[in-house]
>>> print(open('target27.txt').read())   # compact mmCIF, C-alpha atoms
# COMPACT_ATOMS: atom_id res chain seq x y z
CA MET A 1 151.54 26.90 102.11
CA GLU A 2 152.03 30.54 103.06
CA ALA A 3 155.58 31.72 103.69
CA ILE A 4 157.55 34.95 103.98
CA VAL A 5 160.40 35.36 101.49
CA PHE A 6 162.82 38.03 100.34
CA GLU A 7 164.48 37.97 96.93
CA GLU A 8 166.90 40.86 97.39
CA PHE A 9 168.71 42.50 100.27
CA GLY A 10 167.09 45.53 101.82
CA GLY A 11 164.79 46.91 104.49
CA PRO A 12 161.65 45.33 105.92
CA GLU A 13 159.79 46.19 102.73
CA VAL A 14 161.57 43.37 100.83
CA LEU A 15 159.69 40.78 102.88
CA ARG A 16 156.73 39.33 100.95
CA LEU A 17 153.99 36.85 101.81
CA VAL A 18 153.82 34.19 99.08
CA GLN A 19 152.37 30.79 98.30
CA ALA A 20 155.20 28.25 98.38
CA ASP A 21 155.57 24.50 97.99
CA VAL A 22 155.33 22.46 101.17
CA PRO A 23 158.84 21.04 101.78
CA ARG A 24 159.45 17.28 101.94
CA PRO A 25 161.77 15.97 104.65
CA GLY A 26 164.97 14.28 103.58
CA PRO A 27 167.05 11.80 105.58
CA GLY A 28 167.44 12.92 109.18
CA GLN A 29 164.80 15.64 108.87
CA VAL A 30 161.27 16.17 110.10
CA ARG A 31 158.64 18.45 108.64
CA VAL A 32 157.05 20.70 111.23
CA ARG A 33 153.76 22.56 111.25
CA ILE A 34 154.99 25.83 112.69
CA LYS A 35 153.01 27.14 115.65
CA ALA A 36 155.33 30.03 116.50
CA ALA A 37 158.59 31.42 115.10
CA GLY A 38 161.03 33.59 117.02
CA VAL A 39 162.21 36.94 115.63
CA ASN A 40 165.88 37.75 116.19
CA PRO A 41 168.14 40.70 115.32
CA LEU A 42 170.13 38.21 113.24
CA ASP A 43 167.09 37.85 110.97
CA TYR A 44 167.18 41.46 109.80
CA LYS A 45 170.98 41.48 109.60
CA ILE A 46 170.79 38.53 107.21
CA ARG A 47 168.01 40.30 105.29
CA TYR A 48 170.22 43.38 104.82
CA GLY A 49 173.08 41.18 103.59
CA TRP A 50 175.31 42.10 106.53
CA MET A 51 176.00 38.47 107.51
CA GLU A 52 176.96 36.93 104.18
CA GLN A 53 180.27 35.63 105.47
CA GLN A 54 178.57 33.66 108.25
CA TYR A 55 175.19 32.99 106.61
CA PRO A 56 175.43 32.96 102.78
CA THR A 57 172.07 33.74 101.20
CA THR A 58 170.38 31.94 98.32
CA PHE A 59 167.28 33.67 96.96
CA PRO A 60 164.42 33.37 97.55
CA ARG A 61 165.12 33.15 101.30
CA THR A 62 162.64 32.49 104.10
CA PRO A 63 163.81 34.12 107.36
CA GLY A 64 163.62 32.63 110.80
CA LEU A 65 165.96 30.36 112.72
CA GLU A 66 163.88 29.04 115.61
CA PHE A 67 160.44 27.52 115.97
CA ALA A 68 157.98 25.63 118.08
CA GLY A 69 155.58 23.30 116.31
CA VAL A 70 154.15 19.85 115.65
CA VAL A 71 155.91 17.11 113.69
CA ASP A 72 153.95 16.56 110.48
CA GLU A 73 156.13 14.07 108.59
CA VAL A 74 159.30 12.16 109.44
CA GLY A 75 162.18 11.58 107.04
CA GLU A 76 164.26 8.45 106.62
CA GLY A 77 166.46 7.55 109.55
CA VAL A 78 164.77 9.77 112.15
CA THR A 79 164.29 7.85 115.39
CA GLY A 80 163.73 10.59 117.94
CA ALA A 81 160.38 11.91 116.74
CA GLN A 82 157.10 10.83 115.19
CA ALA A 83 154.13 12.57 113.65
CA GLY A 84 152.17 14.50 116.27
CA ASP A 85 155.10 15.22 118.58
CA GLU A 86 155.38 18.77 119.90
CA ILE A 87 158.94 20.04 119.46
CA VAL A 88 161.08 23.16 119.65
CA GLY A 89 164.34 23.86 117.85
CA TRP A 90 166.01 25.29 114.75
CA THR A 91 164.83 25.07 111.13
CA THR A 92 166.90 24.42 108.03
CA THR A 93 164.42 26.08 105.65
CA GLY A 94 163.21 29.16 107.56
CA ALA A 95 160.61 29.44 110.30
CA TYR A 96 158.47 32.26 108.86
CA ALA A 97 156.22 29.75 107.12
CA GLU A 98 153.38 27.35 107.78
CA TYR A 99 155.73 24.38 107.38
CA ALA A 100 159.50 24.00 107.73
CA LEU A 101 162.14 21.28 107.93
CA ALA A 102 164.21 20.67 111.03
CA GLU A 103 167.10 18.47 112.10
CA SER A 104 167.96 19.91 115.52
CA PHE A 105 165.13 19.91 118.06
CA VAL A 106 163.93 18.70 121.46
CA PRO A 107 160.52 17.83 122.90
CA LYS A 108 158.42 20.78 124.02
CA PRO A 109 157.27 20.44 127.64
CA ALA A 110 153.49 20.40 127.96
CA GLY A 111 153.55 23.33 130.38
CA LEU A 112 155.27 25.65 127.91
CA ASP A 113 153.10 27.52 125.42
CA TRP A 114 154.06 27.84 121.76
CA ALA A 115 155.26 31.45 121.83
CA GLU A 116 157.30 30.97 125.01
CA ALA A 117 158.91 27.85 123.51
CA ALA A 118 159.80 29.59 120.23
CA ALA A 119 161.51 32.37 122.20
CA LEU A 120 164.10 30.01 123.68
CA PRO A 121 166.44 28.31 121.17
CA VAL A 122 168.49 31.20 119.79
CA ALA A 123 168.53 33.31 122.95
CA THR A 124 169.49 30.55 125.37
CA GLU A 125 172.00 28.86 123.02
CA THR A 126 173.73 32.17 122.28
CA ALA A 127 173.77 33.19 125.94
CA GLN A 128 175.14 29.86 127.12
CA ARG A 129 177.72 29.69 124.32
CA VAL A 130 179.18 33.14 125.02
CA LEU A 131 179.18 32.67 128.78
CA ASP A 132 181.07 29.40 128.28
CA LEU A 133 183.56 31.09 125.93
CA LEU A 134 184.12 33.84 128.49
CA GLY A 135 184.59 31.27 131.22
CA VAL A 136 182.70 33.29 133.83
CA HIS A 137 182.17 31.52 137.12
CA SER A 138 180.82 32.04 140.61
CA GLY A 139 182.28 35.06 142.37
CA GLU A 140 183.18 36.94 139.19
CA THR A 141 181.59 40.09 137.79
CA LEU A 142 180.18 40.20 134.27
CA LEU A 143 179.36 43.38 132.36
CA LEU A 144 176.50 42.63 129.97
CA HIS A 145 175.54 45.17 127.30
CA GLY A 146 171.98 44.92 125.99
CA ALA A 147 170.80 43.08 129.07
CA THR A 148 167.05 43.51 128.51
CA GLY A 149 166.94 41.90 125.04
CA SER A 150 166.16 38.23 124.57
CA VAL A 151 169.80 37.08 124.55
CA GLY A 152 170.69 39.50 127.34
CA SER A 153 167.77 38.38 129.50
CA ALA A 154 168.76 34.74 129.08
CA ALA A 155 172.41 35.50 129.86
CA VAL A 156 171.52 37.44 133.01
CA GLN A 157 169.46 34.56 134.36
CA ILE A 158 171.98 31.85 133.48
CA ALA A 159 174.87 33.85 134.94
CA VAL A 160 173.07 34.86 138.13
CA ALA A 161 172.04 31.23 138.71
CA ALA A 162 175.74 30.32 138.47
CA GLY A 163 176.69 32.82 141.19
CA VAL A 164 178.01 35.54 138.87
CA THR A 165 177.47 39.21 139.68
CA VAL A 166 175.93 40.84 136.60
CA ILE A 167 176.09 44.53 135.72
CA GLY A 168 173.59 45.06 132.92
CA THR A 169 173.39 48.08 130.63
CA ALA A 170 169.96 49.21 129.49
CA SER A 171 167.81 52.28 129.10
CA PRO A 172 166.29 53.50 132.39
CA SER A 173 162.90 52.02 131.48
CA GLY A 174 164.42 48.54 131.71
CA HIS A 175 166.15 48.92 135.06
CA ASP A 176 163.36 47.53 137.22
CA TYR A 177 163.15 44.50 134.92
CA LEU A 178 166.87 43.85 135.31
CA ARG A 179 166.63 44.10 139.08
CA GLU A 180 163.87 41.46 138.97
CA LEU A 181 166.25 39.17 137.07
CA GLY A 182 168.99 39.69 139.66
CA ALA A 183 171.26 42.12 137.78
CA THR A 184 172.51 45.56 138.77
CA PRO A 185 171.36 47.99 136.03
CA VAL A 186 173.34 50.91 134.65
CA ALA A 187 172.38 53.31 131.85
CA TYR A 188 174.36 53.16 128.64
CA GLY A 189 175.73 56.21 126.86
CA GLU A 190 178.11 58.96 127.91
CA GLY A 191 179.60 58.39 131.35
CA LEU A 192 179.19 54.60 131.14
CA VAL A 193 182.70 53.84 132.41
CA GLU A 194 182.21 55.88 135.59
CA ARG A 195 178.77 54.37 136.24
CA VAL A 196 180.07 50.82 135.86
CA ARG A 197 183.00 51.54 138.17
CA THR A 198 180.59 52.86 140.78
CA ALA A 199 178.37 49.78 140.44
CA ALA A 200 181.33 47.37 140.41
CA PRO A 201 184.22 48.91 142.41
CA GLN A 202 185.82 45.46 142.48
CA GLY A 203 186.25 45.65 138.69
CA VAL A 204 184.83 43.73 135.73
CA ASP A 205 186.13 40.23 134.98
CA ALA A 206 184.43 39.72 131.61
CA VAL A 207 182.25 41.58 129.11
CA PHE A 208 179.42 40.20 126.97
CA ASP A 209 178.22 42.69 124.32
CA ALA A 210 174.74 41.81 123.06
CA ALA A 211 173.91 45.39 122.06
CA GLY A 212 176.45 46.51 119.48
CA LYS A 213 176.01 50.20 120.28
CA ASP A 214 179.65 51.31 120.30
CA ALA A 215 180.16 49.78 123.73
CA LEU A 216 183.50 48.12 122.96
CA PRO A 217 185.89 51.05 123.66
CA ALA A 218 184.38 51.49 127.13
CA SER A 219 184.50 47.73 127.65
CA VAL A 220 188.20 47.58 126.83
CA GLU A 221 188.86 50.49 129.20
CA LEU A 222 186.94 48.77 131.99
CA ARG A 223 189.04 45.63 131.43
CA GLY A 224 192.21 47.66 131.87
CA GLY A 225 193.04 47.65 128.17
CA THR A 226 192.90 43.87 127.73
CA THR A 227 190.47 42.19 125.33
CA ASP A 228 190.91 38.50 126.16
CA ARG A 229 187.59 38.23 128.02
CA ILE A 230 185.41 40.47 125.89
CA ILE A 231 183.06 38.96 123.31
CA THR A 232 180.48 40.68 121.12
CA ILE A 233 177.65 39.11 119.14
CA ALA A 234 176.41 42.46 117.85
CA ASP A 235 179.28 44.72 116.76
CA PRO A 236 180.69 43.76 113.32
CA GLY A 237 183.53 46.25 113.90
CA ALA A 238 184.90 44.15 116.75
CA ALA A 239 188.21 43.39 115.03
CA ALA A 240 189.15 47.08 115.00
CA HIS A 241 189.11 46.96 118.80
CA GLY A 242 190.89 43.60 119.03
CA VAL A 243 187.67 42.01 120.32
CA ARG A 244 186.32 38.60 119.37
CA PHE A 245 183.07 38.49 117.39
CA SER A 246 181.11 35.29 117.99
CA ALA A 247 178.48 34.34 115.43
CA GLY A 248 178.68 30.55 115.26
CA GLY A 249 176.59 28.02 117.11
CA THR A 250 177.57 25.03 119.23
CA GLU A 251 177.99 21.59 117.69
CA ARG A 252 175.09 19.97 119.58
CA PRO A 253 172.84 22.88 120.62
CA GLU A 254 169.90 20.61 121.42
CA THR A 255 171.78 19.23 124.44
CA ALA A 256 171.68 22.61 126.19
CA LEU A 257 168.22 23.43 124.82
CA ALA A 258 166.71 20.35 126.48
CA GLY A 259 167.79 21.73 129.85
CA HIS A 260 166.71 25.27 129.05
CA VAL A 261 163.17 24.28 128.01
CA ARG A 262 162.78 22.35 131.27
CA LEU A 263 163.94 25.40 133.23
CA ALA A 264 161.47 27.56 131.30
CA ALA A 265 158.62 25.13 131.94
CA ASP A 266 159.48 25.27 135.66
CA GLY A 267 159.55 29.09 135.60
CA ARG A 268 163.29 29.33 136.29
CA ILE A 269 164.16 30.97 132.95
CA ARG A 270 161.77 33.44 131.40
CA ILE A 271 162.11 35.37 128.18
CA PRO A 272 159.00 37.54 128.00
CA VAL A 273 157.17 37.54 124.68
CA VAL A 274 156.34 41.21 124.23
CA GLU A 275 154.38 40.98 120.97
CA ALA A 276 153.13 38.34 118.53
CA PHE A 277 152.55 39.12 114.84
CA PRO A 278 150.60 37.20 112.20
CA LEU A 279 152.73 35.84 109.36
CA GLY A 280 151.66 38.59 106.98
CA GLU A 281 153.02 41.26 109.34
CA ALA A 282 156.60 39.96 109.43
CA ALA A 283 157.83 43.31 108.05
CA LYS A 284 156.30 45.09 111.05
CA ALA A 285 158.04 42.66 113.38
CA HIS A 286 161.38 43.32 111.67
CA ALA A 287 160.91 47.09 111.79
CA LEU A 288 160.27 46.88 115.54
CA SER A 289 163.23 44.56 116.05
CA GLU A 290 165.50 47.04 114.25
CA THR A 291 164.74 49.76 116.79
CA GLY A 292 166.86 47.86 119.30
CA HIS A 293 164.44 48.66 122.11
CA VAL A 294 162.57 45.36 122.44
CA ARG A 295 162.56 44.18 126.04
CA GLY A 296 162.21 40.45 125.52
CA LYS A 297 161.05 38.59 122.43
CA LEU A 298 158.97 39.11 119.31
CA VAL A 299 157.31 36.10 117.71
CA ILE A 300 155.43 35.33 114.51
CA ILE A 301 152.37 33.10 114.52
CA PRO A 302 151.73 31.52 111.07
>>> encode(input="target27.txt", output="structure tokens")
Amino acid sequence: MEAIVFEEFGGPEVLRLVQADVPRPGPGQVRVRIKAAGVNPLDYKIRYGWMEQQYPTTFPRTPGLEFAGVVDEVGEGVTGAQAGDEIVGWTTTGAYAEYALAESFVPKPAGLDWAEAAALPVATETAQRVLDLLGVHSGETLLLHGATGSVGSAAVQIAVAAGVTVIGTASPSGHDYLRELGATPVAYGEGLVERVRTAAPQGVDAVFDAAGKDALPASVELRGGTTDRIITIADPGAAAHGVRFSAGGTERPETALAGHVRLAADGRIRIPVVEAFPLGEAAKAHALSETGHVRGKLVIIP
């Protein structure tokens, strides 16, 4: 099969298209013919070696956490899937490949296309996990940095649906998009604190940083110097500000994913797929992801 691998840490240029052995599923696993793989900022951070504490790397490594595809072979003990089933979830062997192994997945609704399905697992799980950790609820105000990205978009929609007022930071080109999602947009950069206070004179109850662009000092100031309800998934220097960095997943992520894919199929959650790349252009996808200006999701189609 064709697969993308990297055998050293570095920039997008370390990604190579190779011929690899087709994996065989072990107990509790299924083999999936990948139809679409999601591209996430975490993918390039792992590729650079920045996430070794959370995601230790063994070379050669195939990137990609999330997928949508068709079950090709079922391992011993699997009762929730059979060959031919269309599923969406997380891989254990890397999604930038024609075939991958998976243990955590849910059925893909018929009304959801492959790229839209592959855009959901990481973004919606991360958004839901951080919102739950922050404990935001109806009537509160959430400041969300990086609100137009895939995780930010999912978090805006989940929070707004729960009755939370969302102030979302983004470049001016993304402000109309945020208004469509139900958030109040503000521009990031110098003067952020004053702009947020104008947009939310009642104050900010919690902060979700999905951008990692030095937003934490302003966030702490907006929270009156407290850090108990500020979480970042993007700033590795969080500890210097006394802020929690959240990188881990939930114990049973497929439980939430089953609900999120149904919402997506019904049009109630949407994470726009802004560009799809063939497998051989994974390096281009990573280079674009690294710019930090992707409004929605990038996917790879093997």
>>> residues_around(input="target27.txt", residues="range 195-206 of chain A", least_positions_apart="4", cutoff="6 Å", atoms="all atoms listed in the file", output="PyMOL selection string")
chain A and resi 141-142+229-230
>>> atom_distance(input="target27.txt", atom1="CA of Val18 in chain A", atom2="CA of Ala115 in chain A")
23.0 Å
>>> atom_distance(input="target27.txt", atom1="CA of Arg179 in chain A", atom2="CA of Asp228 in chain A")
28.1 Å
>>> residues_around(input="target27.txt", residues="Val30 in chain A", least_positions_apart="5", cutoff="7 Å", atoms="all atoms listed in the file", output="PyMOL selection string")
chain A and resi 25+71+73-75+101-103
>>> residues_around(input="target27.txt", residues="Thr165 in chain A", least_positions_apart="6", cutoff="9 Å", atoms="only C-alpha atoms", output="list in words")
Ser138, Gly139, Glu140, Thr141, Leu142, Leu143, Ala159, Gly182, Ala183 and Thr184 of chain A
>>> residues_around(input="target27.txt", residues="Pro60 in chain A", least_positions_apart="3", cutoff="12 Å", atoms="only C-alpha atoms", output="ChimeraX atom specification")
/A:3-9,14-18,20,47,57,63,93-94
>>> atom_distance(input="target27.txt", atom1="CA of Ala187 in chain A", atom2="CA of His175 in chain A")
8.3 Å
>>> residues_near_point(input="target27.txt", point="(171.9, 31.4, 120.6)", cutoff="9 Å", atoms="all atoms listed in the file", output="tab-separated table (two decimals) with C-alpha atoms, keeping the file's coordinate frame")
chain	number	residue	atom	x	y	z
A	120	LEU	CA	164.10	30.01	123.68
A	121	PRO	CA	166.44	28.31	121.17
A	122	VAL	CA	168.49	31.20	119.79
A	123	ALA	CA	168.53	33.31	122.95
A	124	THR	CA	169.49	30.55	125.37
A	125	GLU	CA	172.00	28.86	123.02
A	126	THR	CA	173.73	32.17	122.28
A	127	ALA	CA	173.77	33.19	125.94
A	128	GLN	CA	175.14	29.86	127.12
A	129	ARG	CA	177.72	29.69	124.32
A	130	VAL	CA	179.18	33.14	125.02
A	151	VAL	CA	169.80	37.08	124.55
A	247	ALA	CA	178.48	34.34	115.43
A	248	GLY	CA	178.68	30.55	115.26
A	249	GLY	CA	176.59	28.02	117.11
A	250	THR	CA	177.57	25.03	119.23
A	253	PRO	CA	172.84	22.88	120.62
>>> residues_around(input="target27.txt", residues="Tyr96 in chain A", least_positions_apart="2", cutoff="10 Å", atoms="all atoms listed in the file", output="mmCIF file with C-alpha atoms, in the frame of the given file")
data_model
loop_
_atom_site.group_PDB
_atom_site.id
_atom_site.type_symbol
_atom_site.label_atom_id
_atom_site.label_comp_id
_atom_site.auth_asym_id
_atom_site.auth_seq_id
_atom_site.Cartn_x
_atom_site.Cartn_y
_atom_site.Cartn_z
ATOM 1 C CA GLU A 2 152.030 30.540 103.060
ATOM 2 C CA ALA A 3 155.580 31.720 103.690
ATOM 3 C CA ILE A 4 157.550 34.950 103.980
ATOM 4 C CA VAL A 5 160.400 35.360 101.490
ATOM 5 C CA LEU A 17 153.990 36.850 101.810
ATOM 6 C CA ILE A 34 154.990 25.830 112.690
ATOM 7 C CA ALA A 36 155.330 30.030 116.500
ATOM 8 C CA ALA A 37 158.590 31.420 115.100
ATOM 9 C CA GLY A 38 161.030 33.590 117.020
ATOM 10 C CA VAL A 39 162.210 36.940 115.630
ATOM 11 C CA THR A 62 162.640 32.490 104.100
ATOM 12 C CA PRO A 63 163.810 34.120 107.360
ATOM 13 C CA GLY A 64 163.620 32.630 110.800
ATOM 14 C CA LEU A 65 165.960 30.360 112.720
ATOM 15 C CA GLU A 66 163.880 29.040 115.610
ATOM 16 C CA PHE A 67 160.440 27.520 115.970
ATOM 17 C CA THR A 91 164.830 25.070 111.130
ATOM 18 C CA THR A 93 164.420 26.080 105.650
ATOM 19 C CA GLY A 94 163.210 29.160 107.560
ATOM 20 C CA GLU A 98 153.380 27.350 107.780
ATOM 21 C CA TYR A 99 155.730 24.380 107.380
ATOM 22 C CA ALA A 100 159.500 24.000 107.730
ATOM 23 C CA PRO A 278 150.600 37.200 112.200
ATOM 24 C CA LEU A 279 152.730 35.840 109.360
ATOM 25 C CA GLY A 280 151.660 38.590 106.980
ATOM 26 C CA ALA A 282 156.600 39.960 109.430
ATOM 27 C CA VAL A 299 157.310 36.100 117.710
ATOM 28 C CA ILE A 300 155.430 35.330 114.510
ATOM 29 C CA ILE A 301 152.370 33.100 114.520
ATOM 30 C CA PRO A 302 151.730 31.520 111.070
#
>>> closest_residue(input="target27.txt", among="A:Gln53, A:Thr148, A:Thr227, A:Ser104", to="Pro172 in chain A", atoms="only C-alpha atoms")
A:Thr148
>>> closest_residue(input="target27.txt", among="A:Lys35, A:Lys213, A:His145, A:Arg252", to="Thr291 in chain A", atoms="all atoms listed in the file")
A:Lys213
>>> closest_atom_pairs(input="target27.txt", of="range 86-189 of chain A", to="range 295-298 of chain A", cutoff="10 Å", atoms="all atoms listed in the file", output="CSV")
residue,atom,partner,partner_atom,distance
A:Ala115,CA,A:Leu298,CA,8.9
A:Glu116,CA,A:Lys297,CA,8.9
A:Ala118,CA,A:Lys297,CA,9.3
A:Ala119,CA,A:Lys297,CA,6.2
A:Leu120,CA,A:Lys297,CA,9.2
A:Ala123,CA,A:Lys297,CA,9.2
A:Gly146,CA,A:Arg295,CA,9.4
A:Ala147,CA,A:Arg295,CA,8.8
A:Thr148,CA,A:Arg295,CA,5.2
A:Gly149,CA,A:Gly296,CA,5.0
A:Ser150,CA,A:Gly296,CA,4.6
A:Val151,CA,A:Gly296,CA,8.4
A:Gly152,CA,A:Gly296,CA,8.7
A:Ser153,CA,A:Gly296,CA,7.1
A:Ala154,CA,A:Gly296,CA,9.4
A:Ala170,CA,A:Arg295,CA,9.6
A:Ser173,CA,A:Arg295,CA,9.5
A:Gly174,CA,A:Arg295,CA,7.4
A:Tyr177,CA,A:Arg295,CA,8.9
>>> axis_aligned_box(input="target27.txt", around="range 115-128 of chain A", padding_each_side="8 Å", output="lines of an AutoDock Vina configuration file")
center_x = 165.2
center_y = 30.6
center_z = 123.5
size_x = 35.9
size_y = 21.5
size_z = 23.3
>>> closest_residue(input="target27.txt", among="A:Glu194, A:Glu180, A:Asp132, A:Glu275", to="Ala162 in chain A", atoms="all atoms listed in the file")
A:Asp132
>>> build_atoms(input="target27.txt", residues="range 127-136 of chain A", atoms="all heavy atoms", output="PDB file, in the frame of the given file")
ATOM      1  N   ALA A 127     173.352  32.784 124.595  1.00  0.00           N
ATOM      2  CA  ALA A 127     173.770  33.190 125.940  1.00  0.00           C
ATOM      3  C   ALA A 127     174.707  32.170 126.568  1.00  0.00           C
ATOM      4  O   ALA A 127     175.782  32.516 127.082  1.00  0.00           O
ATOM      5  CB  ALA A 127     172.548  33.407 126.825  1.00  0.00           C
ATOM      6  N   GLN A 128     174.314  30.907 126.520  1.00  0.00           N
ATOM      7  CA  GLN A 128     175.140  29.860 127.120  1.00  0.00           C
ATOM      8  C   GLN A 128     176.485  29.739 126.421  1.00  0.00           C
ATOM      9  O   GLN A 128     177.534  29.607 127.073  1.00  0.00           O
ATOM     10  CB  GLN A 128     174.408  28.524 127.049  1.00  0.00           C
ATOM     11  CG  GLN A 128     175.085  27.403 127.828  1.00  0.00           C
ATOM     12  CD  GLN A 128     174.954  27.603 129.328  1.00  0.00           C
ATOM     13  OE1 GLN A 128     173.855  27.557 129.858  1.00  0.00           O
ATOM     14  NE2 GLN A 128     176.061  27.835 130.009  1.00  0.00           N
ATOM     15  N   ARG A 129     176.477  29.817 125.090  1.00  0.00           N
ATOM     16  CA  ARG A 129     177.720  29.690 124.320  1.00  0.00           C
ATOM     17  C   ARG A 129     178.715  30.782 124.686  1.00  0.00           C
ATOM     18  O   ARG A 129     179.901  30.505 124.931  1.00  0.00           O
ATOM     19  CB  ARG A 129     177.401  29.732 122.828  1.00  0.00           C
ATOM     20  CG  ARG A 129     178.617  29.910 121.927  1.00  0.00           C
ATOM     21  CD  ARG A 129     178.254  29.700 120.467  1.00  0.00           C
ATOM     22  NE  ARG A 129     177.113  30.463 120.037  1.00  0.00           N
ATOM     23  CZ  ARG A 129     177.137  31.711 119.604  1.00  0.00           C
ATOM     24  NH1 ARG A 129     178.285  32.370 119.595  1.00  0.00           N
ATOM     25  NH2 ARG A 129     176.042  32.317 119.187  1.00  0.00           N
ATOM     26  N   VAL A 130     178.257  32.038 124.737  1.00  0.00           N
ATOM     27  CA  VAL A 130     179.180  33.140 125.020  1.00  0.00           C
ATOM     28  C   VAL A 130     179.646  33.095 126.476  1.00  0.00           C
ATOM     29  O   VAL A 130     180.827  33.341 126.759  1.00  0.00           O
ATOM     30  CB  VAL A 130     178.529  34.487 124.676  1.00  0.00           C
ATOM     31  CG1 VAL A 130     179.434  35.637 125.085  1.00  0.00           C
ATOM     32  CG2 VAL A 130     178.234  34.562 123.179  1.00  0.00           C
ATOM     33  N   LEU A 131     178.763  32.785 127.383  1.00  0.00           N
ATOM     34  CA  LEU A 131     179.180  32.670 128.780  1.00  0.00           C
ATOM     35  C   LEU A 131     180.238  31.576 128.939  1.00  0.00           C
ATOM     36  O   LEU A 131     181.209  31.739 129.695  1.00  0.00           O
ATOM     37  CB  LEU A 131     177.973  32.369 129.673  1.00  0.00           C
ATOM     38  CG  LEU A 131     176.966  33.507 129.831  1.00  0.00           C
ATOM     39  CD1 LEU A 131     175.736  33.017 130.590  1.00  0.00           C
ATOM     40  CD2 LEU A 131     177.585  34.709 130.543  1.00  0.00           C
ATOM     41  N   ASP A 132     180.073  30.470 128.215  1.00  0.00           N
ATOM     42  CA  ASP A 132     181.070  29.400 128.280  1.00  0.00           C
ATOM     43  C   ASP A 132     182.399  29.861 127.672  1.00  0.00           C
ATOM     44  O   ASP A 132     183.478  29.555 128.207  1.00  0.00           O
ATOM     45  CB  ASP A 132     180.565  28.159 127.538  1.00  0.00           C
ATOM     46  CG  ASP A 132     179.431  27.452 128.261  1.00  0.00           C
ATOM     47  OD1 ASP A 132     179.218  27.748 129.453  1.00  0.00           O
ATOM     48  OD2 ASP A 132     178.761  26.608 127.629  1.00  0.00           O
ATOM     49  N   LEU A 133     182.332  30.590 126.555  1.00  0.00           N
ATOM     50  CA  LEU A 133     183.560  31.090 125.930  1.00  0.00           C
ATOM     51  C   LEU A 133     184.289  32.076 126.840  1.00  0.00           C
ATOM     52  O   LEU A 133     185.527  32.104 126.889  1.00  0.00           O
ATOM     53  CB  LEU A 133     183.232  31.758 124.595  1.00  0.00           C
ATOM     54  CG  LEU A 133     182.800  30.846 123.453  1.00  0.00           C
ATOM     55  CD1 LEU A 133     182.310  31.671 122.267  1.00  0.00           C
ATOM     56  CD2 LEU A 133     183.938  29.928 123.023  1.00  0.00           C
ATOM     57  N   LEU A 134     183.518  32.886 127.560  1.00  0.00           N
ATOM     58  CA  LEU A 134     184.120  33.840 128.490  1.00  0.00           C
ATOM     59  C   LEU A 134     184.652  33.167 129.742  1.00  0.00           C
ATOM     60  O   LEU A 134     185.513  33.715 130.438  1.00  0.00           O
ATOM     61  CB  LEU A 134     183.095  34.910 128.882  1.00  0.00           C
ATOM     62  CG  LEU A 134     182.726  35.928 127.813  1.00  0.00           C
ATOM     63  CD1 LEU A 134     181.529  36.758 128.255  1.00  0.00           C
ATOM     64  CD2 LEU A 134     183.912  36.850 127.493  1.00  0.00           C
ATOM     65  N   GLY A 135     184.124  31.995 130.043  1.00  0.00           N
ATOM     66  CA  GLY A 135     184.590  31.270 131.220  1.00  0.00           C
ATOM     67  C   GLY A 135     184.215  31.916 132.531  1.00  0.00           C
ATOM     68  O   GLY A 135     184.943  31.771 133.522  1.00  0.00           O
ATOM     69  N   VAL A 136     183.095  32.632 132.576  1.00  0.00           N
ATOM     70  CA  VAL A 136     182.700  33.290 133.830  1.00  0.00           C
ATOM     71  C   VAL A 136     182.234  32.248 134.843  1.00  0.00           C
ATOM     72  O   VAL A 136     181.595  31.257 134.487  1.00  0.00           O
ATOM     73  CB  VAL A 136     181.604  34.348 133.595  1.00  0.00           C
ATOM     74  CG1 VAL A 136     182.159  35.547 132.860  1.00  0.00           C
ATOM     75  CG2 VAL A 136     180.418  33.770 132.838  1.00  0.00           C
TER      76      VAL A 136
END
